[in-house]
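See below for the structure under consideration.
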4 protein chains.
Amino acid sequence: MKTQPHATAVVLDTFNAPLRLESVAVPEPSPGAVVARVDLAGVCGTDVHLQHGHLPIPLPVVLGHEGVGRVWRLGEGVTTDYSGNPLREGTNIAWSSNIPCGQCYWCVVAGERTLCESRKVYGVNQRFDEFPRLSGGWAEAIYLQPGSAIFRLPDDLSPEQVIALGCAGPTAVHGVIEVARITAGDTVVVQGSGPVGIASAMYAHLAGALRVILVGGPAGRLRLAREIGVGDVHIDIFEFPDAAERVRLVLDSTPGRRGADVVLECAGVPGAVGEGWEMARRGGTFLALGQYTDRGAVPLNPHIITRKQLRIVGSWGFAEKHYLGHIQALPQLTARFDLARLITRYQLRDAEKALADMAAGSVMKPVLDMSQGS
Amino acid sequence: MKTQPHATAVVLDTFNAPLRLESVAVPEPSPGAVVARVDLAGVCGTDVHLQHGHLPIPLPVVLGHEGVGRVWRLGEGVTTDYSGNPLREGTNIAWSSNIPCGQCYWCVVAGERTLCESRKVYGVNQRFDEFPRLSGGWAEAIYLQPGSAIFRLPDDLSPEQVIALGCAGPTAVHGVIEVARITAGDTVVVQGSGPVGIASAMYAHLAGALRVILVGGPAGRLRLAREIGVGDVHIDIFEFPDAAERVRLVLDSTPGRRGADVVLECAGVPGAVGEGWEMARRGGTFLALGQYTDRGAVPLNPHIITRKQLRIVGSWGFAEKHYLGHIQALPQLTARFDLARLITRYQLRDAEKALADMAAGSVMKPVLDMSQGS
Amino acid sequence: MKTQPHATAVVLDTFNAPLRLESVAVPEPSPGAVVARVDLAGVCGTDVHLQHGHLPIPLPVVLGHEGVGRVWRLGEGVTTDYSGNPLREGTNIAWSSNIPCGQCYWCVVAGERTLCESRKVYGVNQRFDEFPRLSGGWAEAIYLQPGSAIFRLPDDLSPEQVIALGCAGPTAVHGVIEVARITAGDTVVVQGSGPVGIASAMYAHLAGALRVILVGGPAGRLRLAREIGVGDVHIDIFEFPDAAERVRLVLDSTPGRRGADVVLECAGVPGAVGEGWEMARRGGTFLALGQYTDRGAVPLNPHIITRKQLRIVGSWGFAEKHYLGHIQALPQLTARFDLARLITRYQLRDAEKALADMAAGSVMKPVLDMSQGS
Amino acid sequence: MKTQPHATAVVLDTFNAPLRLESVAVPEPSPGAVVARVDLAGVCGTDVHLQHGHLPIPLPVVLGHEGVGRVWRLGEGVTTDYSGNPLREGTNIAWSSNIPCGQCYWCVVAGERTLCESRKVYGVNQRFDEFPRLSGGWAEAIYLQPGSAIFRLPDDLSPEQVIALGCAGPTAVHGVIEVARITAGDTVVVQGSGPVGIASAMYAHLAGALRVILVGGPAGRLRLAREIGVGDVHIDIFEFPDAAERVRLVLDSTPGRRGADVVLECAGVPGAVGEGWEMARRGGTFLALGQYTDRGAVPLNPHIITRKQLRIVGSWGFAEKHYLGHIQALPQLTARFDLARLITRYQLRDAEKALADMAAGSVMKPVLDMSQGS
């Protein structure tokens with residue numbers, strides 16, 4: 001590189017203020033690191049919360065924790081991806097957004113890397129004003145630190161298919177497959193039809209659910225779900241605004257009206273929790289997957305836990321193994337579902353618009369497309 | 001039997017009205033049944049609720065779902081107890097209070113006999129005005145129907161030791177050992193120091209808990225617990241009426257102030273649930289064992305479930321296998337703890353007084369003693 | 001019924017002797033029982049063993065533990081099937097072959113109804129010379145005793161689809177789904193391509209296996225499997241008679257050559273077990289599903305269990321809940337696989353021929369078809 | 001340090017040749033490392049195998065993977081132990097023998113650090129002819145590399161109590177508590193009465209086993225076990241050399257002669273495995289904990305796995321969390337068992353004698369005591 005290349009990035013300086021673009025010098029990768037060109041970067045509901053300061057993060061940051069792209073420069077010693085597949089300049093890759101420390105009680109003793117308190121997260125807690133600056137996905141390039149879980153993409157997967165579920169994919173692998181442990185034959189309720197709900201419903205289908213009952217909205221999201229084959233029964237919360245009515249409809253769709261074997265909460269709204277407990281059968285499982293931000297207490301009746309012998313479990317984000325699991329499952333998912341239909345493209349400079357549309361639920365999955373110019 | 005023998009029973013005719021005594025003819029056992037003399041009958045917190053109509057039961061009933069006694073008459077075909085030990089007239093026995101149907105979805109498919117909706121429960125849902133009338137433990141005799149799980153008592157166990165934990169013993173076997181799955185080395189919080197809390201703490205010790213932190217009251221109950229070696233740390237809720245303070249004290253008693261591996265809720269008060277979630281470590285387990293009656297919703301923050309990746313489980317009563325487990329564990333428990341110290345004796349005619357003392361928490365375990373005359 | 005109807009049955013009088021046909025009076029059902037016309041009855045590898053006296057059963061018996069048919073007469077009190085769906089004369093039904101006692105240690109305490117020692121099994125341990133005589137499936141009618149798990153068939157399932165997997169279907173539900181606990185994303189080896197192997201591979205697909213490696217033979221069975229979409233990789237044991245070579249081929253088909261997450265032994269040959277242990281990855285699971293008959297000891301290296309931290313589990317037959325699970329899963333299975341292609345039809349009088357073809361592996365699933373005359 | 005201190009170490013140069021002593025300069029610890037004085041070092045059955053070349057290790061090495069001692073020098077940045085307790089020069093410590101890499105598939109994805117293929121093990125795979133040379137416990141000092149799991153010992157534990165179970169302690173935490181998952185109330189068989197068998201039996205007691213049946217020998221070891229309260233039933237394999245007879249004795253000691261809920265194989269002899277399968281009840285668990293070296297295949301009947309629905313699990317060594325678990329459990333163990341009685345002391349120069357006595361089983365736990373001079 002005679003002239004040092006530059007990359008444009010979307011920077012969040014101040015909470016609740018507009019984002020701005022800045023062109024940054026792309027550093028050479030140190031040993032063990034990789035610099036990647038970003039092709040597509042996902043916009044997630046969490047980004048909306050980040051912009052509004054709902055989560056404690058350092059500023060300034062380059063947003064974006066979901067991305068696919070190509071290897072630009074390989075740092076010394078990097079020859080393969082996380083699974084041992086060879087990497088070269090130009091190889092199509094995706095990467096896990098977070099790097100647990102690997103040393104703490106949670107990483108080593110508890111064996112729960114998602115609970116690591118000092119993990120680095122691209123697009124969330126890596127400062128823009130410190131080296132290597134390009135630590136978020138909403139940019140033309142990203143600097144992937146040593147320890148990053150990078151995955152070469154199979155040739156028959158398009159970048160669109162890989163980005164379509166974004167972080168909701170590995171989040172569902174963690175919550176739905178590992179924690180809730182969906183079993184073939186289960187009747188499953190999914191609360192929420194945003195990306196996490198859609199991904200969770202897809203994984204419930206993949207795991208052999210007897211029936212998937214999708215409770216969500218608005219109508220456009222449910223229609224899209226139905227069109228691509230996600231969910232066997234669809235209940236629109238705007239059509240049925242009364243929770244008790246929704247519970248009745250769900251029970252009517254379960255064997256013996258006993259309720260669902262598993263309820264997957266992907267709504268993010270605290271009020272969904274009590275409703276979900278009512279939808280689960282006695283001895284059933286309820287997964288709190290969407291309660292990512294702290295919205296305080298809501299009325300809940302603990303008698304139900306005892307009386308129904310519920311198993312209520314929580315799952316927080318994902319770690320490398322869940323990202324690997326999602327990458328491995330993508331061929332199965334794409335064979336069943338037209339993932340690319342989930343996305344809506346925006347230019348980098350329209351990141352604000354993408355965030356607004358995500359907040360409104362008017363699109364399923366906004367994606368920043370670098371090929372369209374910044 | 002030339003003259004048909006009679007037995008005195010305590011009858012509940014009307015909710016919130018005084019109990020009365022009635023002398024009843026003792027029937028001969030039909031094939032498969034057993035008639036037993038009752039020696040000691042336990043008084044349980046649930047009996048207080050039953051008297052006040054908090055649970056939907058048929059009236060009239062003879063109360064009493066906990067008892068020990070001796071075989072009086074064996075019905076045709078009954079030669080052994082539930083474990084295959086021989087039974088004779090005079091053999092010391094105890095019996096499980098409930099008989100699941102063995103035919104329904106819950107008994108056969110789900111394999112959760114505690115969820116059986118048509119199980120018969122002595123002292124709760126067997127009418128006094130129908131044959132065989134003597135279907136409760138607060139009486140000089142009880143008619144144990146075919147299908148009852150009856151257990152011969154080992155010679156070295158006294159009736160006092162067997163009745164001391166009452167139904168709290170098998171309830172803890174179900175909740176603490178089978179559902180919460182205490183593991184040797186766990187740091188355990190027990191919320192509540194009534195019989196269920198004491199039994200759960202004992203089983204936590206038995207299962208190798210590293211440390212048992214008992215949060216309860218009033219002071220007399222905690223002192224008794226301490227004296228017989230139940231609990232390693234004792235926190236009096238009357239001395240520390242602030243929940244946040246109690247949470248701090250619990251955290252101070254756990255490794256790295258991370259919180260407890262397992263929290264066993266045995267308080268019965270809905271407000272204990274949210275407090276218990278705070279006491280559990282991330283990735284920990286919370287058991288709702290005491291939420292037996294429906295007291296409605298309380299404020300709870302579901303974000304904690306997701307953030308901490310909690311596992312929250314419920315356990316409802318017990319079935320035959322848990323009763324068997326408790327009977328088998330009694331020699332281990334009595335070797336460690338002076339169980340007989342838990343009980344306070346009453347005559348059958350003082351059942352009202354026993355209920356009142358139980359409600360006040362002024363005694364740990366009231367027991368009706370038939371040898372003291374009715 | 002003015003003239004009492006008769007039904008022809010295939011009777012096994014003596015081990016290793018020819019079967020014979022006998023016409024028997026069809027009794028009226030007692031209360032709780034059901035008499036069914038049999039339409040199709042499956043021939044299972046176990047029937048070959050039964051004929052040769054490899055299992056200790058009473059004689060004479062009507063063989064046949066797999067069947068589908070129609071309600072002929074409903075005994076008093078029978079109005080619904082096991083799931084609560086209404087039954088009428090003429091309703092299409094299938095039934096579980098065995099009735100656990102519901103009373104013993106295994107049924108009640110261990111909660112493992114498949115281990116019940118006194119369960120009744122149609123076509124296996126119900127004597128032909130005792131009432132109701134018609135207690136096997138290889139007959140024009142069968143008398144289903146009270147306590148039988150009978151299931152009404154959905155209208156869109158053909159009898160051929162229901163009988164196609166025979167008892168291998170619920171056996172796989174038990175072993176593959178409940179005991180081995182296949183998880184979406186698992187790489188799975190299936191050893192054996194008879195009905196149990198095919199059913200297990202189908203359930204592995206249904207449960208979201210990343211890849212199913214089918215190791216079996218002869219070539220015709222593997223070809224049929226490939227044609228209906230069962231298995232992603234097929235290894236013919238006749239083409240690769242060397243076990244070490246097969247292990248190498250399997251490792252080559254697993255991520256990182258680490259071996260399979262789960263190995264499902266459905267071969268029935270003891271020699272498959274040690275080979276399967278080699279095919280499993282460290283930390284993997286091996287299910288012994290096919291070791292149904294006792295063929296004695298074979299050389300096995302237990303060091304592998306410790307070194308690889310294997311989890312080796314066994315599963316014996318099935319109980320009602322597994323039969324229910326299979327019936328519920330049939331619509332999903334038929335949507336993916338052309339089940340009807342598995343069967344080959346025979347007349348009742350050709351039962352001997354069906355057994356011989358089964359023993360030779362020249363057909364996948366022989367079925368006795370009553371509509372073709374006895 | 002003006003004059004660089006030296007420490008004497010026991011060096012294995014050649015398999016099957018005598019050990020020798022060498023005095024080595026003690027290096028200053030690099031950042032993150034700790035140099036410790038060794039007070040007591042355990043001799044393990046594995047050391048016997050190492051000397052004879054039964055395991056593939058590099059030579060030369062300083063043997064010894066079990067040790068307790070005191071901090072001599074703290075490397076830069078080291079201020080606390082693995083649990084956050086402060087470390088100073090002179091602090092009493094113990095340390096885990098192995099350091100998993102924390103980066104590989106087994107460490108990160110499978111979450112099984114015991115399966116890490118590149119972990120460093122003191123006294124086993126760290127060469128004596130490379131820096132820092134002092135990488136084994138049989139020496140007056142050991143150099144603990146960065147990443148070592150070091151634990152400050154509670155004041156009320158003596159070094160003898162800590163070394164008494166050696167690596168058998170954390171090995172039992174892994175196998176008995178985590179993998180086999182002993183539950184309170186279980187009837188447990190322990191095969192083998194060497195250190196692993198004794199440690200496993202102690203943990204079975206700690207976890208609330210109803211009854212522990214210890215099958216082992218020679219008589220001296222069983223007598224010692226009985227004297228310190230380990231095991232409820234003791235079966236001497238020299239007194240009962242017939243395996244079938246031993247199986248009968250075990251069945252006689254289990255409820256209903258059904259066999260043990262859990263069988264813990266700690267014998268190391270392949271022949272113990274088939275015998276253990278016979279001792280387990282149907283639906284029971286068998287742990288292969290002692291099959292540490294590869295002694296080849298033995299006859300085993302896989303039909304038993306299917307028929308009895310066994311769960312057979314393996315456990316390989318231990319990782320940091322198991323070592324932590326053992327350190328935490330020591331106060332409970334010492335309160336129940338006189339651990340110090342297990343050990344026999346030797347001088348460093350008598351390491352050969354210690355190995356020979358271990359091989360002969362004439363002592364329970366040989367320990368090299370540095371205070372007695374080298």
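Order determines the names: the first chain of the structure tokens is A, the second B, and so forth; residues in each chain are numbered 1 upward, and ligands are numbered 1 upward as they are shown.
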
As an mmCIF file with C-alpha atoms, in the first residue's frame, could you give me every residue of chain C near chain A (at most 6 Å apart, counting only C-alpha atoms)?
```cif
data_model
loop_
_atom_site.group_PDB
_atom_site.id
_atom_site.type_symbol
_atom_site.label_atom_id
_atom_site.label_comp_id
_atom_site.auth_asym_id
_atom_site.auth_seq_id
_atom_site.Cartn_x
_atom_site.Cartn_y
_atom_site.Cartn_z
ATOM 1 C CA ALA C 184 -30.346 -29.301 15.501
ATOM 2 C CA LEU C 206 -36.541 -34.141 11.329
ATOM 3 C CA ALA C 207 -34.636 -32.964 14.411
ATOM 4 C CA GLY C 208 -32.401 -30.746 12.293
#
```

- [ ] Please run DSSP on the backbone and report, as a list in words, all residues within range 181-219 of chain B that come out as strand (DSSP E).
- [x]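 DSSP-assigned strand (DSSP E) residues in range 181-219 of chain B: Thr187, Val188, Val189, Val190, Gln191, Arg211, Val212, Ile213, Leu214, Val215 and Gly216 of chain B.
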
Task: Polymer residues at most 10 Å from Gly290 in chain D, only C-alpha atoms, same-chain spacing of 5 or more positions, as a ChimeraX atom specification - done: /C:302-303,306-307 /D:171,175,191-192,196-197,264-270,272-273,314-317

Identify, on the basis of only C-alpha atoms, every residue whose closest approach to Lys353 in chain D does not exceed 12 Å; exclude the query and any residue fewer than 3 positions from it along the same chain; express the result as a compact mmCIF listing (two decimals) with N, CA, C and O atoms, in the first residue's frame.
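Below is the file out_37.txt, written as the result:
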```txt
# COMPACT_ATOMS: atom_id res chain seq x y z
N PRO D 18 16.28 -45.73 36.42
CA PRO D 18 16.14 -45.06 37.72
C PRO D 18 16.00 -43.54 37.57
O PRO D 18 16.54 -42.94 36.64
N LEU D 19 15.27 -42.95 38.51
CA LEU D 19 15.16 -41.51 38.61
C LEU D 19 16.46 -40.97 39.16
O LEU D 19 17.23 -41.69 39.79
N VAL D 43 2.35 -38.71 45.06
CA VAL D 43 2.73 -39.75 44.11
C VAL D 43 1.45 -40.45 43.68
O VAL D 43 0.66 -40.88 44.53
N VAL D 48 3.50 -44.05 38.07
CA VAL D 48 4.03 -45.38 37.81
C VAL D 48 4.00 -45.66 36.30
O VAL D 48 4.96 -46.15 35.72
N THR D 344 1.38 -41.51 53.40
CA THR D 344 2.63 -42.07 53.92
C THR D 344 3.76 -41.20 53.37
O THR D 344 3.81 -40.93 52.17
N ARG D 345 4.66 -40.75 54.25
CA ARG D 345 5.69 -39.79 53.86
C ARG D 345 6.98 -40.45 53.38
O ARG D 345 7.40 -41.48 53.90
N TYR D 346 7.63 -39.81 52.43
CA TYR D 346 8.93 -40.24 51.91
C TYR D 346 9.78 -38.99 51.70
O TYR D 346 9.26 -37.90 51.43
N GLN D 347 11.10 -39.20 51.76
CA GLN D 347 12.00 -38.11 51.37
C GLN D 347 12.06 -38.04 49.86
O GLN D 347 11.78 -39.02 49.16
N LEU D 348 12.46 -36.88 49.35
CA LEU D 348 12.56 -36.69 47.92
C LEU D 348 13.43 -37.78 47.29
O LEU D 348 13.12 -38.33 46.23
N ARG D 349 14.52 -38.12 47.98
CA ARG D 349 15.46 -39.09 47.41
C ARG D 349 14.87 -40.51 47.38
O ARG D 349 15.45 -41.40 46.76
N ASP D 350 13.73 -40.69 48.07
CA ASP D 350 13.13 -42.02 48.09
C ASP D 350 11.94 -42.13 47.14
O ASP D 350 11.04 -42.96 47.33
N ALA D 356 7.31 -47.61 43.98
CA ALA D 356 7.18 -49.06 44.13
C ALA D 356 6.05 -49.41 45.09
O ALA D 356 5.25 -50.32 44.83
N ASP D 357 5.96 -48.69 46.20
CA ASP D 357 4.89 -48.97 47.17
C ASP D 357 3.52 -48.65 46.57
O ASP D 357 2.54 -49.35 46.83
N MET D 358 3.45 -47.59 45.77
CA MET D 358 2.18 -47.24 45.10
C MET D 358 1.78 -48.38 44.17
O MET D 358 0.63 -48.81 44.16
N ALA D 359 2.76 -48.85 43.38
CA ALA D 359 2.48 -49.93 42.42
C ALA D 359 1.99 -51.18 43.14
O ALA D 359 1.12 -51.90 42.64
N ALA D 360 2.52 -51.42 44.33
CA ALA D 360 2.16 -52.63 45.07
C ALA D 360 0.85 -52.48 45.82
O ALA D 360 0.27 -53.46 46.28
N SER D 362 0.61 -51.17 48.65
CA SER D 362 0.88 -51.40 50.07
C SER D 362 0.66 -50.14 50.90
O SER D 362 0.60 -50.20 52.12
N VAL D 363 0.56 -49.01 50.23
CA VAL D 363 0.17 -47.76 50.92
C VAL D 363 -0.97 -47.16 50.13
O VAL D 363 -1.23 -47.54 48.99
N PRO D 366 1.34 -42.25 48.80
CA PRO D 366 2.70 -41.81 49.11
C PRO D 366 2.83 -40.31 48.84
O PRO D 366 2.29 -39.81 47.85
N VAL D 367 3.56 -39.64 49.72
CA VAL D 367 3.75 -38.20 49.59
C VAL D 367 5.22 -37.87 49.83
O VAL D 367 5.82 -38.34 50.79
N LEU D 368 5.81 -37.09 48.92
CA LEU D 368 7.19 -36.65 49.12
C LEU D 368 7.18 -35.40 49.99
O LEU D 368 6.51 -34.42 49.66
```

TODO: Among the residues of range 5-181 of chain B, find those DSSP assigns to helix (DSSP H, G or I) from the backbone and print them as a count of residues only.
DONE: 32
